[in-house]
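Read through the structure below, which is laid out as structure tokens, and then see the notes.
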There are 2 protein chains.
Amino acid sequence: MVHYPVYNKRGRVICTAVTNFDIHDIARCASTFGVRITYIINPLDSQRELVNRIIRHWEKGAGARYNPVRKRAFDRVRVRATLEEVIQEISEAHRLPVKTVATDATWQERSVSYGEMRRLLQDPPQPYLLVFGTGWGLARQVLEESDYILAPIEGVLNYNHLSVRSAAAITLDRLIGNR
Amino acid sequence: MVHYPVYNKRGRVICTAVTNFDIHDIARCASTFGVRITYIINPLDSQRELVNRIIRHWEKGAGARYNPVRKRAFDRVRVRATLEEVIQEISEAHRLPVKTVATDATWQERSVSYGEMRRLLQDPPQPYLLVFGTGWGLARQVLEESDYILAPIEGVLNYNHLSVRSAAAITLDRLIGNR
């Protein structure tokens, strides 16, 4: 979950603020679909500290006693400053360069279908990193540098403005869900 | 989106408070997948007034100017006190008794698969109402009185605690999404 570099509604590259609900929803989805680790990426120290406080609350604080099930979801959440750092960390842990899969709300020239990506994910030793942008979506540079770009989620009404929470839920279900 | 009757984590029937993010996320999903109307159901006057204020903000207030795309999603949101009222309203509007489809995180004896429900939804004159519970899920009585109960969303890790926002997103995609 990337907070920088992403677009604002005017198409300028910005850093978004962390949304508490994003962390909860995406951690719970990740736990449901067996995502190894969820990374919250934000270059601002104060924002990372905020996320770490939220994680501590649910992992070790009052939240862990109030809702042990939520604790399980938060066990797999990490906070990092940059996407590059995350790519390096995963690649080193797996001793294999991680493949990055960017997501976007529009079709790109090299958009990959969900079926094709689902088949790729079956390849067990290869680590993959799904990249979601907050705000108005990932900056072009992130798309260009990614190994794959996933097809947009299309509904039926040409309304193309899902929250990143909904988009992540649907994407994980399409790629990993047992239907 | 039902706030009463639903369970709390101890299995007691309660009325939950409205969550701002639920309304946004579900309105945006509903617009994406062509849901005719989204009903927020809460028996408390003060809670309904809160939701109506949020809707007005995005439909006619500062929110409509700030984000016209969000306005489109909120155009299809209504607030009602009870599920019965919603059932009656839809049935009268369509001159056909609406079929209710309850959702639950566990398997029920008469759980219907997503494929089967998807086929049923193709039947154009018949109106359907998808019913989602907040809190720890819809009270048994709602499940028993519904025409159908949809199968749970299963991931891969036996972690079965999606937010209602994520569950609604995945359900709409499975039933209506064009993949």
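Residue numbers start at 1 in each chain; chains themselves are named A, B, ... in the order of the structure tokens; ligands are numbered from 1 in the order shown.
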
For chain A, report every residue with an atom at most 10 Å from chain B (counting only C-alpha atoms), formatted as a tab-separated table (two decimals) with C-alpha atoms, in the first residue's frame.
chain	number	residue	atom	x	y	z
A	9	LYS	CA	-6.97	14.47	-8.21
A	21	PHE	CA	-9.33	1.73	7.76
A	22	ASP	CA	-6.95	0.88	4.94
A	24	HIS	CA	-7.39	-2.86	9.00
A	25	ASP	CA	-9.20	-3.88	5.83
A	26	ILE	CA	-6.12	-4.79	3.89
A	27	ALA	CA	-4.55	-6.70	6.79
A	28	ARG	CA	-7.76	-8.70	7.17
A	29	CYS	CA	-7.94	-9.39	3.42
A	30	ALA	CA	-4.29	-10.37	3.36
A	31	SER	CA	-4.86	-12.81	6.22
A	32	THR	CA	-7.88	-14.26	4.43
A	33	PHE	CA	-6.03	-14.82	1.18
A	34	GLY	CA	-2.70	-15.89	2.60
A	35	VAL	CA	-0.60	-12.88	1.68
A	66	TYR	CA	-10.30	-6.92	22.84
A	67	ASN	CA	-10.03	-8.68	19.49
A	69	VAL	CA	-8.62	-12.24	15.69
A	70	ARG	CA	-7.64	-8.75	14.60
A	72	ARG	CA	-3.63	-12.22	13.87
A	73	ALA	CA	-4.20	-9.92	10.90
A	113	SER	CA	-5.33	-10.34	-17.14
A	114	TYR	CA	-6.30	-11.76	-13.75
A	115	GLY	CA	-6.26	-15.29	-15.17
A	151	ALA	CA	-5.75	-5.11	-15.66
A	152	PRO	CA	-8.19	-2.63	-14.11
A	153	ILE	CA	-11.25	-3.84	-12.22
A	154	GLU	CA	-14.18	-3.14	-14.48
A	155	GLY	CA	-17.74	-3.19	-13.29
A	156	VAL	CA	-20.70	-2.73	-15.56
A	157	LEU	CA	-21.46	0.99	-15.37
A	158	ASN	CA	-18.26	2.64	-16.51
A	159	TYR	CA	-17.84	3.95	-12.97
A	160	ASN	CA	-14.22	3.41	-12.21
A	161	HIS	CA	-13.59	4.81	-8.75
A	162	LEU	CA	-13.31	2.05	-6.18
A	163	SER	CA	-11.59	2.74	-2.88
A	164	VAL	CA	-8.15	1.19	-2.58
A	165	ARG	CA	-9.67	-1.02	0.14
A	166	SER	CA	-12.31	-2.42	-2.23
A	167	ALA	CA	-9.84	-2.70	-5.10
A	168	ALA	CA	-7.38	-4.66	-2.96
A	169	ALA	CA	-10.14	-6.99	-1.71
A	170	ILE	CA	-11.39	-7.74	-5.22
A	171	THR	CA	-7.87	-8.12	-6.62
A	172	LEU	CA	-6.83	-10.63	-3.95
A	173	ASP	CA	-10.03	-12.58	-4.47
A	174	ARG	CA	-9.53	-12.68	-8.23
A	176	ILE	CA	-6.05	-16.12	-4.99
A	177	GLY	CA	-9.69	-16.64	-3.92
A	178	ASN	CA	-11.20	-20.08	-3.89
A	179	ARG	CA	-14.53	-19.67	-5.64

Which of stretch 29-97 of chain B fall in strand (DSSP E), as a ChimeraX atom specification: /B:38-41,77-80

Residues within 12 Å of A:His94, only C-alpha atoms, excluding chain neighbours under 4 positions, as a PyMOL selection string: chain A and resi 36+87-90+98-99+124-128

Between atom CA of B:Glu144 and atom CA of B:Ala105, distance in Å (one decimal): 14.8 Å

Nearby residues (only C-alpha atoms) at most 9 Å from B:Ile41, same-chain spacing under 4 positions excluded, as a list in words: Met1, Val2, His3, Tyr4, Arg48, Arg78, Val79, Arg80, Ala81, Thr82, Leu83 and Val86 of chain B

Write the selection just made, keeping all heavy atoms, as a JSON list (two decimals), in the first residue's frame?
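Result went into selection_5.json, see below:
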[["chain", "number", "residue", "atom", "x", "y", "z"],
["B", 1, "MET", "N", -27.09, -2.62, 3.79],
["B", 1, "MET", "CA", -26.16, -2.62, 4.90],
["B", 1, "MET", "C", -26.94, -2.46, 6.19],
["B", 1, "MET", "O", -27.46, -1.40, 6.47],
["B", 1, "MET", "CB", -25.18, -1.46, 4.70],
["B", 1, "MET", "CG", -24.40, -1.10, 5.91],
["B", 1, "MET", "SD", -22.62, -1.25, 5.63],
["B", 1, "MET", "CE", -22.57, -2.56, 4.43],
["B", 2, "VAL", "N", -27.01, -3.56, 6.94],
["B", 2, "VAL", "CA", -27.88, -3.64, 8.11],
["B", 2, "VAL", "C", -27.11, -3.37, 9.40],
["B", 2, "VAL", "O", -26.08, -4.00, 9.65],
["B", 2, "VAL", "CB", -28.54, -5.04, 8.17],
["B", 2, "VAL", "CG1", -29.31, -5.23, 9.47],
["B", 2, "VAL", "CG2", -29.45, -5.24, 6.96],
["B", 3, "HIS", "N", -27.61, -2.43, 10.21],
["B", 3, "HIS", "CA", -27.00, -2.13, 11.51],
["B", 3, "HIS", "C", -27.79, -2.75, 12.67],
["B", 3, "HIS", "O", -27.32, -2.77, 13.80],
["B", 3, "HIS", "CB", -26.88, -0.62, 11.70],
["B", 3, "HIS", "CG", -25.94, 0.00, 10.72],
["B", 3, "HIS", "ND1", -26.32, 0.32, 9.45],
["B", 3, "HIS", "CD2", -24.62, 0.31, 10.81],
["B", 3, "HIS", "CE1", -25.28, 0.82, 8.80],
["B", 3, "HIS", "NE2", -24.24, 0.82, 9.60],
["B", 4, "TYR", "N", -28.98, -3.24, 12.36],
["B", 4, "TYR", "CA", -29.81, -3.95, 13.33],
["B", 4, "TYR", "C", -30.77, -4.82, 12.57],
["B", 4, "TYR", "O", -31.36, -4.34, 11.59],
["B", 4, "TYR", "CB", -30.57, -2.98, 14.23],
["B", 4, "TYR", "CG", -31.55, -3.68, 15.15],
["B", 4, "TYR", "CD1", -31.13, -4.15, 16.39],
["B", 4, "TYR", "CD2", -32.87, -3.91, 14.75],
["B", 4, "TYR", "CE1", -32.00, -4.84, 17.21],
["B", 4, "TYR", "CE2", -33.75, -4.60, 15.57],
["B", 4, "TYR", "CZ", -33.30, -5.05, 16.80],
["B", 4, "TYR", "OH", -34.17, -5.74, 17.61],
["B", 48, "ARG", "N", -29.61, 7.74, 11.47],
["B", 48, "ARG", "CA", -30.09, 8.00, 10.10],
["B", 48, "ARG", "C", -29.85, 9.45, 9.71],
["B", 48, "ARG", "O", -29.47, 9.75, 8.58],
["B", 48, "ARG", "CB", -31.58, 7.65, 9.97],
["B", 48, "ARG", "CG", -31.85, 6.15, 10.03],
["B", 48, "ARG", "CD", -33.17, 5.78, 9.37],
["B", 48, "ARG", "NE", -34.28, 6.54, 9.91],
["B", 48, "ARG", "CZ", -34.86, 6.32, 11.11],
["B", 48, "ARG", "NH1", -34.41, 5.34, 11.88],
["B", 48, "ARG", "NH2", -35.87, 7.05, 11.51],
["B", 78, "ARG", "N", -29.71, 5.37, -0.04],
["B", 78, "ARG", "CA", -30.90, 5.76, 0.72],
["B", 78, "ARG", "C", -30.75, 5.27, 2.16],
["B", 78, "ARG", "O", -30.04, 4.28, 2.40],
["B", 78, "ARG", "CB", -32.16, 5.12, 0.14],
["B", 78, "ARG", "CG", -32.39, 5.31, -1.34],
["B", 78, "ARG", "CD", -33.09, 6.61, -1.66],
["B", 78, "ARG", "NE", -33.26, 6.74, -3.10],
["B", 78, "ARG", "CZ", -32.31, 7.18, -3.96],
["B", 78, "ARG", "NH1", -31.11, 7.52, -3.50],
["B", 78, "ARG", "NH2", -32.54, 7.27, -5.25],
["B", 79, "VAL", "N", -31.43, 5.93, 3.05],
["B", 79, "VAL", "CA", -31.36, 5.56, 4.47],
["B", 79, "VAL", "C", -32.74, 5.16, 4.95],
["B", 79, "VAL", "O", -33.70, 5.89, 4.72],
["B", 79, "VAL", "CB", -30.85, 6.76, 5.31],
["B", 79, "VAL", "CG1", -30.55, 6.32, 6.73],
["B", 79, "VAL", "CG2", -29.63, 7.38, 4.66],
["B", 80, "ARG", "N", -32.84, 4.00, 5.57],
["B", 80, "ARG", "CA", -34.14, 3.53, 6.06],
["B", 80, "ARG", "C", -33.98, 2.94, 7.46],
["B", 80, "ARG", "O", -32.89, 2.55, 7.86],
["B", 80, "ARG", "CB", -34.71, 2.46, 5.12],
["B", 80, "ARG", "CG", -35.02, 2.96, 3.71],
["B", 80, "ARG", "CD", -36.18, 3.93, 3.66],
["B", 80, "ARG", "NE", -36.46, 4.39, 2.31],
["B", 80, "ARG", "CZ", -35.96, 5.51, 1.76],
["B", 80, "ARG", "NH1", -35.13, 6.28, 2.44],
["B", 80, "ARG", "NH2", -36.28, 5.85, 0.53],
["B", 81, "ALA", "N", -35.12, 2.83, 8.16],
["B", 81, "ALA", "CA", -35.09, 2.37, 9.56],
["B", 81, "ALA", "C", -35.01, 0.85, 9.68],
["B", 81, "ALA", "O", -34.32, 0.33, 10.56],
["B", 81, "ALA", "CB", -36.31, 2.89, 10.32],
["B", 82, "THR", "N", -35.72, 0.14, 8.82],
["B", 82, "THR", "CA", -35.79, -1.33, 8.98],
["B", 82, "THR", "C", -35.65, -2.05, 7.63],
["B", 82, "THR", "O", -35.97, -1.49, 6.57],
["B", 82, "THR", "CB", -37.15, -1.76, 9.59],
["B", 82, "THR", "OG1", -38.19, -1.45, 8.65],
["B", 82, "THR", "CG2", -37.41, -1.06, 10.92],
["B", 83, "LEU", "N", -35.24, -3.29, 7.73],
["B", 83, "LEU", "CA", -35.14, -4.14, 6.55],
["B", 83, "LEU", "C", -36.53, -4.35, 5.94],
["B", 83, "LEU", "O", -36.68, -4.35, 4.70],
["B", 83, "LEU", "CB", -34.51, -5.48, 6.97],
["B", 83, "LEU", "CG", -34.22, -6.50, 5.88],
["B", 83, "LEU", "CD1", -33.32, -5.94, 4.78],
["B", 83, "LEU", "CD2", -33.56, -7.75, 6.48],
["B", 86, "VAL", "N", -37.48, -1.60, 3.66],
["B", 86, "VAL", "CA", -36.76, -1.65, 2.39],
["B", 86, "VAL", "C", -37.37, -2.70, 1.47],
["B", 86, "VAL", "O", -37.56, -2.47, 0.28],
["B", 86, "VAL", "CB", -35.25, -1.93, 2.64],
["B", 86, "VAL", "CG1", -34.52, -2.20, 1.33],
["B", 86, "VAL", "CG2", -34.62, -0.77, 3.39]]

DSSP alpha helix (DSSP H) selection over chain B, as a PyMOL selection string: chain B and resi 20-33+45-59+62-66+68-74+83-94+114-121+140-145+164-176
